[in-house]
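Asker: Just so it is clear, I am handing over work-v6.csv, which has CSV, C-alpha atoms and all ligand atoms.
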chain,number,residue,atom,x,y,z
A,743,MET,CA,-18.2,-42.8,-26.8
A,744,GLU,CA,-17.3,-43.8,-30.2
A,745,LYS,CA,-14.7,-46.5,-30.9
A,746,ILE,CA,-12.5,-46.2,-34.0
A,747,VAL,CA,-10.7,-49.3,-35.4
A,748,ILE,CA,-7.9,-48.5,-37.9
A,749,LEU,CA,-6.2,-51.1,-40.1
A,750,THR,CA,-2.9,-50.1,-41.7
A,751,GLY,CA,-0.8,-51.6,-44.4
A,752,ALA,CA,2.5,-51.0,-46.2
A,753,GLY,CA,1.2,-47.8,-47.9
A,754,ILE,CA,1.3,-45.9,-44.7
A,755,SER,CA,5.0,-46.5,-44.4
A,756,ALA,CA,5.8,-45.9,-48.1
A,757,GLU,CA,6.6,-42.2,-47.6
A,758,SER,CA,8.9,-43.2,-44.7
A,759,GLY,CA,11.0,-45.0,-47.3
A,760,LEU,CA,9.9,-48.5,-46.7
A,761,GLY,CA,8.8,-50.3,-49.9
A,762,THR,CA,5.3,-51.8,-50.3
A,763,PHE,CA,4.8,-55.3,-51.5
A,764,ARG,CA,2.6,-55.0,-54.6
A,765,ASP,CA,3.2,-51.6,-56.1
A,766,ALA,CA,5.6,-51.1,-59.1
A,767,GLY,CA,9.1,-51.8,-57.8
A,768,GLY,CA,7.5,-53.4,-54.6
A,769,LEU,CA,9.1,-56.3,-52.7
A,770,TRP,CA,7.0,-58.9,-54.6
A,771,THR,CA,8.4,-57.7,-57.9
A,772,GLN,CA,11.9,-58.4,-56.6
A,773,TYR,CA,11.2,-61.6,-54.7
A,774,ARG,CA,8.9,-64.6,-55.1
A,775,ILE,CA,6.3,-64.7,-52.3
A,776,GLU,CA,6.7,-68.5,-52.0
A,777,ASP,CA,10.5,-68.1,-51.6
A,778,VAL,CA,10.5,-65.6,-48.7
A,779,ALA,CA,7.1,-65.4,-47.1
A,780,THR,CA,6.1,-69.1,-46.6
A,781,PRO,CA,7.3,-71.7,-44.1
A,782,GLU,CA,8.1,-73.9,-47.0
A,783,GLY,CA,10.4,-71.2,-48.5
A,784,PHE,CA,12.2,-70.9,-45.1
A,785,ALA,CA,12.7,-74.6,-44.9
A,786,ARG,CA,14.1,-74.7,-48.5
A,787,ASN,CA,16.4,-71.7,-48.2
A,788,PRO,CA,16.7,-70.2,-44.7
A,789,ALA,CA,19.7,-68.0,-45.8
A,790,LEU,CA,17.7,-66.2,-48.4
A,791,VAL,CA,14.8,-65.6,-46.0
A,792,GLN,CA,17.1,-64.4,-43.2
A,793,GLU,CA,18.8,-62.1,-45.6
A,794,PHE,CA,15.5,-60.7,-46.9
A,795,TYR,CA,14.4,-59.9,-43.3
A,796,ASN,CA,17.9,-58.7,-42.1
A,797,VAL,CA,18.0,-56.1,-44.8
A,798,ARG,CA,14.4,-54.9,-44.0
A,799,ARG,CA,15.1,-54.9,-40.2
A,800,VAL,CA,18.0,-52.5,-40.7
A,801,LYS,CA,16.0,-50.3,-43.1
A,802,ALA,CA,13.0,-50.2,-40.7
A,803,ALA,CA,15.2,-49.4,-37.7
A,804,GLN,CA,16.6,-46.4,-39.6
A,805,ALA,CA,13.1,-45.2,-40.9
A,806,GLU,CA,11.2,-42.3,-39.2
A,807,PRO,CA,7.5,-42.1,-38.9
A,808,ASN,CA,5.7,-39.7,-41.3
A,809,ALA,CA,2.8,-37.3,-41.0
A,810,ALA,CA,0.3,-40.1,-41.3
A,811,HIS,CA,1.7,-42.2,-38.4
A,812,ARG,CA,1.9,-39.0,-36.3
A,813,ALA,CA,-1.7,-38.0,-37.2
A,814,LEU,CA,-3.0,-41.4,-36.0
A,815,ALA,CA,-1.0,-41.1,-32.7
A,816,ARG,CA,-2.6,-37.7,-32.2
A,817,LEU,CA,-6.0,-39.1,-32.9
A,818,GLN,CA,-5.5,-41.8,-30.3
A,819,ARG,CA,-4.4,-39.2,-27.8
A,820,ASP,CA,-7.2,-36.7,-28.4
A,821,TRP,CA,-10.2,-38.8,-29.4
A,822,PRO,CA,-12.7,-39.0,-26.5
A,823,GLY,CA,-13.4,-42.6,-27.2
A,824,GLU,CA,-11.1,-45.5,-28.0
A,825,VAL,CA,-8.8,-45.7,-31.0
A,826,VAL,CA,-7.4,-49.2,-31.8
A,827,ILE,CA,-4.6,-49.5,-34.4
A,828,VAL,CA,-4.3,-52.9,-36.0
A,829,THR,CA,-1.3,-53.0,-38.4
A,830,GLN,CA,-0.2,-55.6,-41.0
A,831,ASN,CA,3.2,-53.9,-40.9
A,832,VAL,CA,6.2,-55.4,-39.3
A,833,ASP,CA,7.9,-52.0,-38.7
A,834,ALA,CA,7.5,-50.1,-35.5
A,835,LEU,CA,6.7,-46.7,-37.0
A,836,HIS,CA,3.3,-46.3,-35.3
A,837,GLU,CA,5.0,-46.8,-31.9
A,838,LYS,CA,7.9,-44.5,-32.9
A,839,ALA,CA,5.2,-41.8,-33.6
A,840,GLY,CA,3.8,-42.3,-30.1
A,841,ALA,CA,0.9,-44.7,-30.7
A,842,SER,CA,0.2,-47.3,-28.0
A,843,GLY,CA,-1.3,-50.7,-27.9
A,844,VAL,CA,-0.7,-51.3,-31.6
A,845,ILE,CA,-1.8,-54.8,-32.6
A,846,HIS,CA,0.8,-56.3,-35.0
A,847,MET,CA,-1.3,-59.0,-36.8
A,848,HIS,CA,1.6,-60.1,-39.1
A,849,GLY,CA,4.3,-59.9,-36.4
A,850,GLU,CA,7.3,-57.6,-36.0
A,851,LEU,CA,10.8,-57.4,-37.5
A,852,ALA,CA,12.1,-56.8,-34.0
A,853,GLY,CA,11.0,-60.3,-32.9
A,854,ALA,CA,12.5,-63.7,-33.2
A,855,LEU,CA,10.5,-66.9,-32.9
A,856,CYS,CA,11.6,-70.5,-32.3
A,857,ALA,CA,10.1,-72.7,-35.0
A,858,VAL,CA,10.4,-75.7,-32.6
A,859,CYS,CA,9.1,-74.6,-29.2
A,860,GLY,CA,7.4,-71.2,-30.0
A,861,HIS,CA,9.6,-69.2,-27.6
A,862,ARG,CA,10.0,-65.6,-28.6
A,863,TRP,CA,12.9,-63.2,-28.1
A,864,ARG,CA,14.2,-59.9,-29.3
A,865,ALA,CA,15.8,-60.4,-32.7
A,866,PRO,CA,19.4,-59.2,-33.2
A,867,GLU,CA,19.8,-56.7,-36.0
A,868,GLU,CA,21.1,-59.6,-38.2
A,869,MET,CA,19.6,-63.0,-37.5
A,870,ALA,CA,21.9,-65.9,-38.4
A,871,VAL,CA,20.9,-69.1,-40.2
A,872,GLY,CA,20.3,-71.7,-37.5
A,873,GLU,CA,20.0,-69.0,-34.8
A,874,PRO,CA,19.8,-70.9,-31.5
A,875,CYS,CA,16.7,-70.6,-29.4
A,876,PRO,CA,17.6,-69.2,-26.0
A,877,SER,CA,14.9,-71.5,-24.4
A,878,CYS,CA,15.2,-75.0,-26.0
A,879,GLY,CA,18.5,-74.6,-27.8
A,880,ALA,CA,17.2,-75.7,-31.2
A,881,ALA,CA,18.8,-74.1,-34.2
A,882,ALA,CA,15.4,-72.9,-35.3
A,883,GLY,CA,15.2,-69.2,-34.9
A,884,ARG,CA,13.2,-67.4,-37.5
A,885,PRO,CA,11.7,-63.9,-37.9
A,886,ASP,CA,8.6,-63.5,-35.8
A,887,VAL,CA,6.4,-62.6,-38.8
A,888,VAL,CA,3.3,-64.3,-40.2
A,889,TRP,CA,3.8,-66.0,-43.6
A,890,PHE,CA,1.2,-67.2,-46.0
A,891,GLY,CA,-0.6,-70.3,-44.7
A,892,GLU,CA,0.1,-69.3,-41.1
A,893,MET,CA,-2.5,-67.9,-38.7
A,894,PRO,CA,-2.2,-64.1,-38.2
A,895,TYR,CA,-1.8,-63.0,-34.5
A,896,HIS,CA,-4.4,-61.7,-32.1
A,897,MET,CA,-7.4,-62.6,-34.3
A,898,ASP,CA,-9.8,-63.0,-31.3
A,899,ARG,CA,-9.0,-59.6,-30.0
A,900,ILE,CA,-9.2,-58.0,-33.5
A,901,TYR,CA,-12.6,-59.5,-34.2
A,902,ARG,CA,-13.9,-58.3,-30.8
A,903,HIS,CA,-12.7,-54.8,-31.6
A,904,LEU,CA,-14.3,-55.0,-35.1
A,905,ALA,CA,-17.6,-56.0,-33.6
A,906,GLU,CA,-17.5,-53.0,-31.3
A,907,ALA,CA,-16.3,-50.5,-33.9
A,908,ASP,CA,-18.3,-47.3,-34.7
A,909,ILE,CA,-15.8,-46.3,-37.3
A,910,PHE,CA,-13.5,-48.5,-39.3
A,911,ALA,CA,-10.7,-47.1,-41.4
A,912,ALA,CA,-8.3,-49.0,-43.7
A,913,ILE,CA,-5.2,-47.1,-44.6
A,914,GLY,CA,-2.5,-48.0,-47.2
A,915,THR,CA,-3.5,-51.6,-47.9
A,916,SER,CA,-4.3,-53.2,-51.2
A,917,GLY,CA,-7.0,-55.5,-49.8
A,918,GLN,CA,-5.4,-58.5,-51.5
A,919,VAL,CA,-4.4,-60.4,-48.4
A,920,TYR,CA,-6.9,-62.2,-46.1
A,921,PRO,CA,-8.2,-62.2,-43.4
A,922,ALA,CA,-7.3,-58.5,-43.2
A,923,ALA,CA,-9.0,-57.7,-46.5
A,924,ALA,CA,-12.3,-58.9,-45.0
A,925,PHE,CA,-12.2,-56.7,-41.9
A,926,VAL,CA,-14.3,-54.1,-43.7
A,927,HIS,CA,-17.1,-56.6,-44.1
A,928,GLU,CA,-16.9,-57.6,-40.4
A,929,ALA,CA,-17.0,-53.9,-39.3
A,930,ALA,CA,-19.8,-53.0,-41.7
A,931,ALA,CA,-21.9,-56.0,-40.5
A,932,ALA,CA,-21.4,-54.7,-36.9
A,933,GLY,CA,-22.8,-51.3,-38.1
A,934,ALA,CA,-19.6,-49.3,-38.3
A,935,HIS,CA,-19.1,-46.4,-40.8
A,936,THR,CA,-16.3,-47.6,-43.1
A,937,VAL,CA,-13.6,-45.4,-44.7
A,938,GLU,CA,-10.8,-46.2,-47.0
A,939,LEU,CA,-7.7,-44.0,-47.3
A,940,ASN,CA,-5.3,-45.2,-50.0
A,941,LEU,CA,-3.3,-44.0,-53.0
A,942,GLU,CA,-5.8,-45.8,-55.3
A,943,PRO,CA,-8.9,-47.9,-54.9
A,944,SER,CA,-8.1,-51.2,-53.3
A,945,GLU,CA,-9.4,-54.6,-54.3
A,946,VAL,CA,-12.2,-54.3,-51.7
A,947,SER,CA,-12.8,-50.5,-52.2
A,948,ALA,CA,-16.5,-51.0,-53.1
A,949,ALA,CA,-17.2,-52.4,-49.7
A,950,PHE,CA,-16.3,-49.0,-48.0
A,951,ALA,CA,-19.0,-46.3,-47.4
A,952,GLU,CA,-16.5,-43.6,-48.1
A,953,ARG,CA,-13.0,-43.2,-49.6
A,954,PHE,CA,-10.2,-40.6,-49.7
A,955,LEU,CA,-7.6,-41.2,-52.4
A,956,GLY,CA,-4.1,-39.8,-52.2
A,957,PRO,CA,-0.8,-40.2,-50.4
A,958,ALA,CA,-1.1,-41.2,-46.7
A,959,THR,CA,0.8,-38.1,-45.5
A,960,GLN,CA,-1.9,-35.9,-47.0
A,961,VAL,CA,-5.2,-37.8,-46.7
A,962,VAL,CA,-4.6,-39.2,-43.2
A,963,PRO,CA,-3.9,-35.8,-41.5
A,964,ASP,CA,-6.8,-34.3,-43.4
A,965,TRP,CA,-9.1,-37.1,-42.3
A,966,VAL,CA,-8.0,-36.9,-38.7
A,967,GLU,CA,-8.5,-33.1,-38.4
B,1,LIG,C1,-0.2,-46.0,-50.6
B,1,LIG,C2,1.0,-45.2,-50.7
B,1,LIG,C3,1.0,-44.0,-50.1
B,1,LIG,C4,1.2,-47.1,-51.8
B,1,LIG,N1,-0.1,-43.6,-49.4
B,1,LIG,N2,-1.3,-45.5,-49.9
B,1,LIG,C5,-9.7,-66.0,-47.5
B,1,LIG,C6,-9.9,-65.9,-46.2
B,1,LIG,C7,-8.8,-66.2,-45.3
B,1,LIG,C8,-7.5,-66.5,-45.9
B,1,LIG,C9,-7.4,-66.6,-47.3
B,1,LIG,C10,-8.5,-66.4,-48.1
B,1,LIG,N3,-8.1,-66.5,-49.3
B,1,LIG,C11,-6.8,-66.8,-49.3
B,1,LIG,C12,-6.3,-66.9,-48.1
B,1,LIG,C13,-4.9,-67.2,-47.7
B,1,LIG,C14,-3.9,-66.1,-47.7
B,1,LIG,C15,-4.2,-65.0,-48.6
B,1,LIG,O1,-4.7,-64.0,-48.3
B,1,LIG,N4,-3.9,-65.2,-49.9
B,1,LIG,C16,-4.2,-64.1,-50.9
B,1,LIG,C17,-3.0,-63.8,-51.7
B,1,LIG,C18,-5.5,-64.5,-51.7
B,1,LIG,N5,-3.8,-65.6,-46.3
B,1,LIG,C19,-3.0,-66.2,-45.4
B,1,LIG,O2,-2.4,-67.2,-45.6
B,1,LIG,C20,-3.0,-65.6,-44.0
B,1,LIG,N6,-3.3,-66.6,-43.1
B,1,LIG,C21,-4.5,-67.1,-43.0
B,1,LIG,O3,-5.4,-66.8,-43.8
B,1,LIG,O4,-4.7,-68.0,-41.9
B,1,LIG,C22,-6.0,-68.7,-41.8
B,1,LIG,C23,-7.1,-67.9,-41.4
B,1,LIG,C24,-8.4,-68.1,-42.0
B,1,LIG,C25,-9.5,-67.3,-41.6
B,1,LIG,C26,-9.4,-66.4,-40.6
B,1,LIG,C27,-8.2,-66.2,-40.0
B,1,LIG,C28,-7.0,-66.9,-40.5
B,1,LIG,C29,-1.6,-65.0,-43.7
B,1,LIG,C30,-1.2,-63.9,-44.5
B,1,LIG,C31,0.2,-63.4,-44.1
B,1,LIG,C32,0.7,-62.3,-45.0
B,1,LIG,N7,2.0,-62.1,-44.7
B,1,LIG,C33,2.7,-60.9,-45.4
B,1,LIG,C34,4.2,-61.0,-45.0
B,1,LIG,C35,4.4,-60.5,-43.5
B,1,LIG,C36,5.8,-60.4,-43.1
B,1,LIG,C37,6.5,-59.4,-44.0
B,1,LIG,O5,6.3,-58.2,-43.9
B,1,LIG,O6,7.4,-59.8,-44.8
B,1,LIG,O7,2.1,-59.7,-44.9
B,1,LIG,S1,2.5,-60.8,-47.1
B,1,LIG,C38,2.3,-59.1,-47.2
B,1,LIG,O8,1.0,-58.7,-47.6
B,1,LIG,C39,2.5,-58.6,-45.7
B,1,LIG,C40,1.5,-57.5,-45.7
B,1,LIG,O9,1.1,-57.2,-44.3
B,1,LIG,C41,0.4,-58.1,-46.5
B,1,LIG,C42,-0.6,-57.0,-47.0
B,1,LIG,O10,0.0,-56.1,-47.9
B,1,LIG,P1,-0.4,-54.6,-47.8
B,1,LIG,O11,0.0,-54.0,-46.6
B,1,LIG,O12,-1.8,-54.4,-48.2
B,1,LIG,O13,0.6,-54.0,-49.0
B,1,LIG,P2,0.5,-53.9,-50.6
B,1,LIG,O14,1.8,-53.7,-51.1
B,1,LIG,O15,-0.3,-55.1,-51.1
B,1,LIG,O16,-0.4,-52.6,-50.8
B,1,LIG,C43,0.0,-51.3,-50.5
B,1,LIG,C44,-1.2,-50.4,-50.7
B,1,LIG,O17,-0.7,-49.1,-50.3
B,1,LIG,C45,-1.5,-50.3,-52.2
B,1,LIG,O18,-3.0,-50.3,-52.3
B,1,LIG,C46,-1.0,-48.9,-52.7
B,1,LIG,O19,-1.9,-48.3,-53.6
B,1,LIG,C47,-1.0,-48.2,-51.3
B,1,LIG,N8,0.0,-47.1,-51.3
B,1,LIG,N9,1.8,-45.9,-51.5
B,1,LIG,C48,-1.2,-44.3,-49.3
B,1,LIG,N10,2.1,-43.2,-50.1
Take the structure I supplied and represent it as structure tokens, if you would.

Answerer:
Amino acid sequence: MEKIVILTGAGISAESGLGTFRDAGGLWTQYRIEDVATPEGFARNPALVQEFYNVRRVKAAQAEPNAAHRALARLQRDWPGEVVIVTQNVDALHEKAGASGVIHMHGELAGALCAVCGHRWRAPEEMAVGEPCPSCGAAAGRPDVVWFGEMPYHMDRIYRHLAEADIFAAIGTSGQVYPAAAFVHEAAAAGAHTVELNLEPSEVSAAFAERFLGPATQVVPDWVE
């Protein structure tokens, strides 16, 4: 039975109203990466970083999954083999659409993490600067997301899935951030058929055997059917 591994990025949630990072008007045109998505930025100005994620947490909680999220949940339910969804996204739209076992390699907006002891808890809608850790008491609560220079989560499991993939699909991701951008090489080396579904060719487009260009709400349901 064939195993499908799917990598998703910000583009799959764009039509749910959540901004991408690198498109025109995207988050990285409004904020500097080094200010809001690095541990050094957090140490310098925790208020700015908490505010950046508080606003996104509220927006993400209000967002609804779109036809692309729903198509992947359907594929997971109906495919005779295994469908593993690995997302770089910190929203919960795959789960809201009914997908299960989603691997959040860059963490989740719904999570809080103690920068001192590593304890995790459910983030309140608005995290405060100096949010106290419920385990060790340190005033070191931060969003449980993966910033530049930090190790993405669940990498061992992800590489195991990639090594077993018969089909690998990347959806709505620019291919500019590693290690996710290199997953296509891992999967291809393991013999998987590779497919890119994106609005435009990504940075690593040439590495895919096949590509379908267009908005996720159109190309993903078409590909799944
Ligand atoms: C649509 C659409 C529609 C629009 N329909 N499509 C080589 C190897 C390993 C690491 C490195 C390396 N070289 C450099 C590094 C270091 C660094 C890195 O990648 N730097 C690059 C800038 C070069 N990487 C790291 O630091 C990572 N950690 C690490 O490498 O640890 C060591 C390690 C080594 C080896 C193996 C394993 C580990 C950590 C990266 C953390 C990234 N964090 C962020 C923030 C997360 C929290 C948050 O959300 O705020 O993750 S940054 C941001 O970028 C976020 C995203 O998940 C990530 C990817 O962005 P994504 O999803 O691709 O979005 P966009 O906006 O870039 O693209 C959207 C795409 O959608 C576009 O193509 C549009 O066309 C398309 N689109 N509308 C379909 N409607």

Asker: Using only C-alpha atoms, which residue out of A:Val828, A:Val919, A:Ala870, A:Ala815 lies closest to A:Gly891?

Answerer: A:Val919

Asker: Find, counting only C-alpha atoms, the residue in A:Val888, A:Ile746, A:Ala752, A:Cys859 that gets nearest to A:Arg764.

Answerer: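 The closest residue to A:Arg764 is A:Ala752.
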
Asker: Could you state the separation of atom C36 of ligand LIG 1 (chain B) and atom CA of A:Arg899 in Å, given to one decimal place?

Answerer: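 These two atoms are separated by 19.8 Å.
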
Asker: Determine, using only C-alpha atoms, which residues of stretch 796-818 of chain A have any atom at most 8 Å from an atom of stretch 964-967 of chain A, and tabulate each with its shortest atom pair and distance in Å to one decimal place, rows ordered by chain and then rising number, as a tab-separated table.

Answerer:
residue	atom	partner	partner_atom	distance
A:Ala813	CA	A:Val966	CA	6.6
A:Leu814	CA	A:Val966	CA	7.2
A:Leu817	CA	A:Val966	CA	6.5

Asker: Could the residues of chain A that have an atom at most 8 Å from ligand LIG 1 (chain B) be listed as JSON lines, each with its closest atom pair and the distance in Å to one decimal, counting all atoms listed in the file and ordered by chain and ascending residue number?

Answerer:
{"residue": "A:Thr750", "atom": "CA", "partner": "B:LIG1", "partner_atom": "O11", "distance": 6.9}
{"residue": "A:Gly751", "atom": "CA", "partner": "B:LIG1", "partner_atom": "O11", "distance": 3.4}
{"residue": "A:Ala752", "atom": "CA", "partner": "B:LIG1", "partner_atom": "O11", "distance": 3.9}
{"residue": "A:Gly753", "atom": "CA", "partner": "B:LIG1", "partner_atom": "O17", "distance": 3.3}
{"residue": "A:Ile754", "atom": "CA", "partner": "B:LIG1", "partner_atom": "N1", "distance": 5.4}
{"residue": "A:Ser755", "atom": "CA", "partner": "B:LIG1", "partner_atom": "N10", "distance": 7.2}
{"residue": "A:Ala756", "atom": "CA", "partner": "B:LIG1", "partner_atom": "N10", "distance": 5.0}
{"residue": "A:Glu757", "atom": "CA", "partner": "B:LIG1", "partner_atom": "N10", "distance": 5.2}
{"residue": "A:Gly761", "atom": "CA", "partner": "B:LIG1", "partner_atom": "O14", "distance": 7.9}
{"residue": "A:Thr762", "atom": "CA", "partner": "B:LIG1", "partner_atom": "O14", "distance": 4.1}
{"residue": "A:Phe763", "atom": "CA", "partner": "B:LIG1", "partner_atom": "O14", "distance": 3.4}
{"residue": "A:Arg764", "atom": "CA", "partner": "B:LIG1", "partner_atom": "O14", "distance": 3.8}
{"residue": "A:Asp765", "atom": "CA", "partner": "B:LIG1", "partner_atom": "O14", "distance": 5.6}
{"residue": "A:Gly768", "atom": "CA", "partner": "B:LIG1", "partner_atom": "O14", "distance": 6.7}
{"residue": "A:Leu769", "atom": "CA", "partner": "B:LIG1", "partner_atom": "O14", "distance": 7.9}
{"residue": "A:Ile775", "atom": "CA", "partner": "B:LIG1", "partner_atom": "S1", "distance": 7.5}
{"residue": "A:Val778", "atom": "CA", "partner": "B:LIG1", "partner_atom": "O6", "distance": 7.6}
{"residue": "A:Ala779", "atom": "CA", "partner": "B:LIG1", "partner_atom": "C34", "distance": 5.7}
{"residue": "A:Tyr795", "atom": "CA", "partner": "B:LIG1", "partner_atom": "O6", "distance": 7.2}
{"residue": "A:Thr829", "atom": "CA", "partner": "B:LIG1", "partner_atom": "O9", "distance": 7.6}
{"residue": "A:Gln830", "atom": "CA", "partner": "B:LIG1", "partner_atom": "O9", "distance": 3.9}
{"residue": "A:Asn831", "atom": "CA", "partner": "B:LIG1", "partner_atom": "O9", "distance": 5.2}
{"residue": "A:Val832", "atom": "CA", "partner": "B:LIG1", "partner_atom": "O5", "distance": 5.4}
{"residue": "A:His848", "atom": "CA", "partner": "B:LIG1", "partner_atom": "C35", "distance": 5.2}
{"residue": "A:Gly849", "atom": "CA", "partner": "B:LIG1", "partner_atom": "C36", "distance": 6.9}
{"residue": "A:Glu850", "atom": "CA", "partner": "B:LIG1", "partner_atom": "C36", "distance": 7.8}
{"residue": "A:Leu851", "atom": "CA", "partner": "B:LIG1", "partner_atom": "O5", "distance": 7.9}
{"residue": "A:Val887", "atom": "CA", "partner": "B:LIG1", "partner_atom": "C36", "distance": 4.9}
{"residue": "A:Val888", "atom": "CA", "partner": "B:LIG1", "partner_atom": "C31", "distance": 5.1}
{"residue": "A:Trp889", "atom": "CA", "partner": "B:LIG1", "partner_atom": "N7", "distance": 4.4}
{"residue": "A:Phe890", "atom": "CA", "partner": "B:LIG1", "partner_atom": "O2", "distance": 3.6}
{"residue": "A:Gly891", "atom": "CA", "partner": "B:LIG1", "partner_atom": "O2", "distance": 3.7}
{"residue": "A:Glu892", "atom": "CA", "partner": "B:LIG1", "partner_atom": "N6", "distance": 4.8}
{"residue": "A:Met893", "atom": "CA", "partner": "B:LIG1", "partner_atom": "O4", "distance": 3.9}
{"residue": "A:Pro894", "atom": "CA", "partner": "B:LIG1", "partner_atom": "C29", "distance": 5.6}
{"residue": "A:Met897", "atom": "CA", "partner": "B:LIG1", "partner_atom": "C27", "distance": 6.8}
{"residue": "A:Ile913", "atom": "CA", "partner": "B:LIG1", "partner_atom": "N2", "distance": 6.8}
{"residue": "A:Gly914", "atom": "CA", "partner": "B:LIG1", "partner_atom": "O17", "distance": 3.7}
{"residue": "A:Thr915", "atom": "CA", "partner": "B:LIG1", "partner_atom": "O12", "distance": 3.3}
{"residue": "A:Ser916", "atom": "CA", "partner": "B:LIG1", "partner_atom": "O18", "distance": 3.4}
{"residue": "A:Gly917", "atom": "CA", "partner": "B:LIG1", "partner_atom": "O12", "distance": 5.6}
{"residue": "A:Gln918", "atom": "CA", "partner": "B:LIG1", "partner_atom": "C16", "distance": 5.8}
{"residue": "A:Val919", "atom": "CA", "partner": "B:LIG1", "partner_atom": "O1", "distance": 3.6}
{"residue": "A:Tyr920", "atom": "CA", "partner": "B:LIG1", "partner_atom": "O1", "distance": 3.6}
{"residue": "A:Pro921", "atom": "CA", "partner": "B:LIG1", "partner_atom": "C7", "distance": 4.5}
{"residue": "A:Ala922", "atom": "CA", "partner": "B:LIG1", "partner_atom": "C42", "distance": 7.8}
{"residue": "A:Ala923", "atom": "CA", "partner": "B:LIG1", "partner_atom": "O1", "distance": 7.8}
{"residue": "A:Ala924", "atom": "CA", "partner": "B:LIG1", "partner_atom": "C6", "distance": 7.5}
{"residue": "A:Leu939", "atom": "CA", "partner": "B:LIG1", "partner_atom": "C48", "distance": 6.8}
{"residue": "A:Asn940", "atom": "CA", "partner": "B:LIG1", "partner_atom": "N2", "distance": 4.0}
{"residue": "A:Leu941", "atom": "CA", "partner": "B:LIG1", "partner_atom": "N2", "distance": 4.0}
{"residue": "A:Glu942", "atom": "CA", "partner": "B:LIG1", "partner_atom": "O19", "distance": 4.9}
{"residue": "A:Pro943", "atom": "CA", "partner": "B:LIG1", "partner_atom": "O18", "distance": 6.9}
{"residue": "A:Ser944", "atom": "CA", "partner": "B:LIG1", "partner_atom": "O18", "distance": 5.3}
{"residue": "A:Glu945", "atom": "CA", "partner": "B:LIG1", "partner_atom": "O18", "distance": 8.0}
{"residue": "A:Leu955", "atom": "CA", "partner": "B:LIG1", "partner_atom": "C48", "distance": 7.8}
{"residue": "A:Gly956", "atom": "CA", "partner": "B:LIG1", "partner_atom": "C48", "distance": 6.1}
{"residue": "A:Pro957", "atom": "CA", "partner": "B:LIG1", "partner_atom": "N1", "distance": 3.6}
{"residue": "A:Ala958", "atom": "CA", "partner": "B:LIG1", "partner_atom": "N1", "distance": 3.7}
{"residue": "A:Thr959", "atom": "CA", "partner": "B:LIG1", "partner_atom": "N1", "distance": 6.8}

Asker: Between atom CA of A:Glu938 and atom CA of A:Val747, measure the distance and give it in Å to one decimal.

Answerer: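 Going from atom CA of A:Glu938 over to atom CA of A:Val747 covers 12.0 Å.
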
Asker: Rank nothing, just name the residue among A:Ala766, A:Ala857, A:Ala839, A:Ala948 nearest to A:Phe784, using all atoms listed in the file.

Answerer: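 Ranked by minimum distance to A:Phe784, first place goes to A:Ala857.
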
Asker: Determine, counting only C-alpha atoms, which protein, DNA and RNA residues have an atom within 9 Å of an atom of A:Ala865; residues of the same chain fewer than 5 positions away are not included. Present the result as a list of chain:residue names.

Answerer: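 These residues fall inside the cut-off: A:Leu851, A:Ala852, A:Gly853, A:Ala854, A:Leu855, A:Arg884, A:Pro885, A:Asp886.
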
Asker: How about saving the chosen residues, C-alpha atoms kept, as a PDB file, keeping the file's coordinate frame?

Answerer:
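What landed in result-v2.pdb:
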ATOM      1  CA  LEU A 851      10.800 -57.400 -37.500  1.00  0.00           C
ATOM      2  CA  ALA A 852      12.100 -56.800 -34.000  1.00  0.00           C
ATOM      3  CA  GLY A 853      11.000 -60.300 -32.900  1.00  0.00           C
ATOM      4  CA  ALA A 854      12.500 -63.700 -33.200  1.00  0.00           C
ATOM      5  CA  LEU A 855      10.500 -66.900 -32.900  1.00  0.00           C
ATOM      6  CA  ARG A 884      13.200 -67.400 -37.500  1.00  0.00           C
ATOM      7  CA  PRO A 885      11.700 -63.900 -37.900  1.00  0.00           C
ATOM      8  CA  ASP A 886       8.600 -63.500 -35.800  1.00  0.00           C
TER       9      ASP A 886
END

Asker: Would you compute the distance between atom CA of A:Glu806 and atom CA of A:Ser842? Give it in Å to one decimal.

Answerer: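 So the answer is 16.5 Å.
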
Asker: Report as a tab-separated table (two decimals) with C-alpha atoms, in the coordinates of the input all protein, DNA and RNA residues lying within 12 Å of A:Lys745, evaluated on all atoms listed in the file, omitting residues in the same chain fewer than 3 positions from it.

Answerer:
chain	number	residue	atom	x	y	z
A	748	ILE	CA	-7.90	-48.50	-37.90
A	817	LEU	CA	-6.00	-39.10	-32.90
A	818	GLN	CA	-5.50	-41.80	-30.30
A	821	TRP	CA	-10.20	-38.80	-29.40
A	822	PRO	CA	-12.70	-39.00	-26.50
A	823	GLY	CA	-13.40	-42.60	-27.20
A	824	GLU	CA	-11.10	-45.50	-28.00
A	825	VAL	CA	-8.80	-45.70	-31.00
A	826	VAL	CA	-7.40	-49.20	-31.80
A	827	ILE	CA	-4.60	-49.50	-34.40
A	902	ARG	CA	-13.90	-58.30	-30.80
A	903	HIS	CA	-12.70	-54.80	-31.60
A	904	LEU	CA	-14.30	-55.00	-35.10
A	905	ALA	CA	-17.60	-56.00	-33.60
A	906	GLU	CA	-17.50	-53.00	-31.30
A	907	ALA	CA	-16.30	-50.50	-33.90
A	908	ASP	CA	-18.30	-47.30	-34.70
A	909	ILE	CA	-15.80	-46.30	-37.30
A	910	PHE	CA	-13.50	-48.50	-39.30
A	911	ALA	CA	-10.70	-47.10	-41.40
A	929	ALA	CA	-17.00	-53.90	-39.30
A	933	GLY	CA	-22.80	-51.30	-38.10
A	934	ALA	CA	-19.60	-49.30	-38.30
A	935	HIS	CA	-19.10	-46.40	-40.80

Asker: Tell me which of A:Leu790, A:Val962, A:Ala882, A:Ala803 sits closest to A:Leu760, counting only C-alpha atoms.

Answerer: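 Nearest to A:Leu760: A:Ala803.
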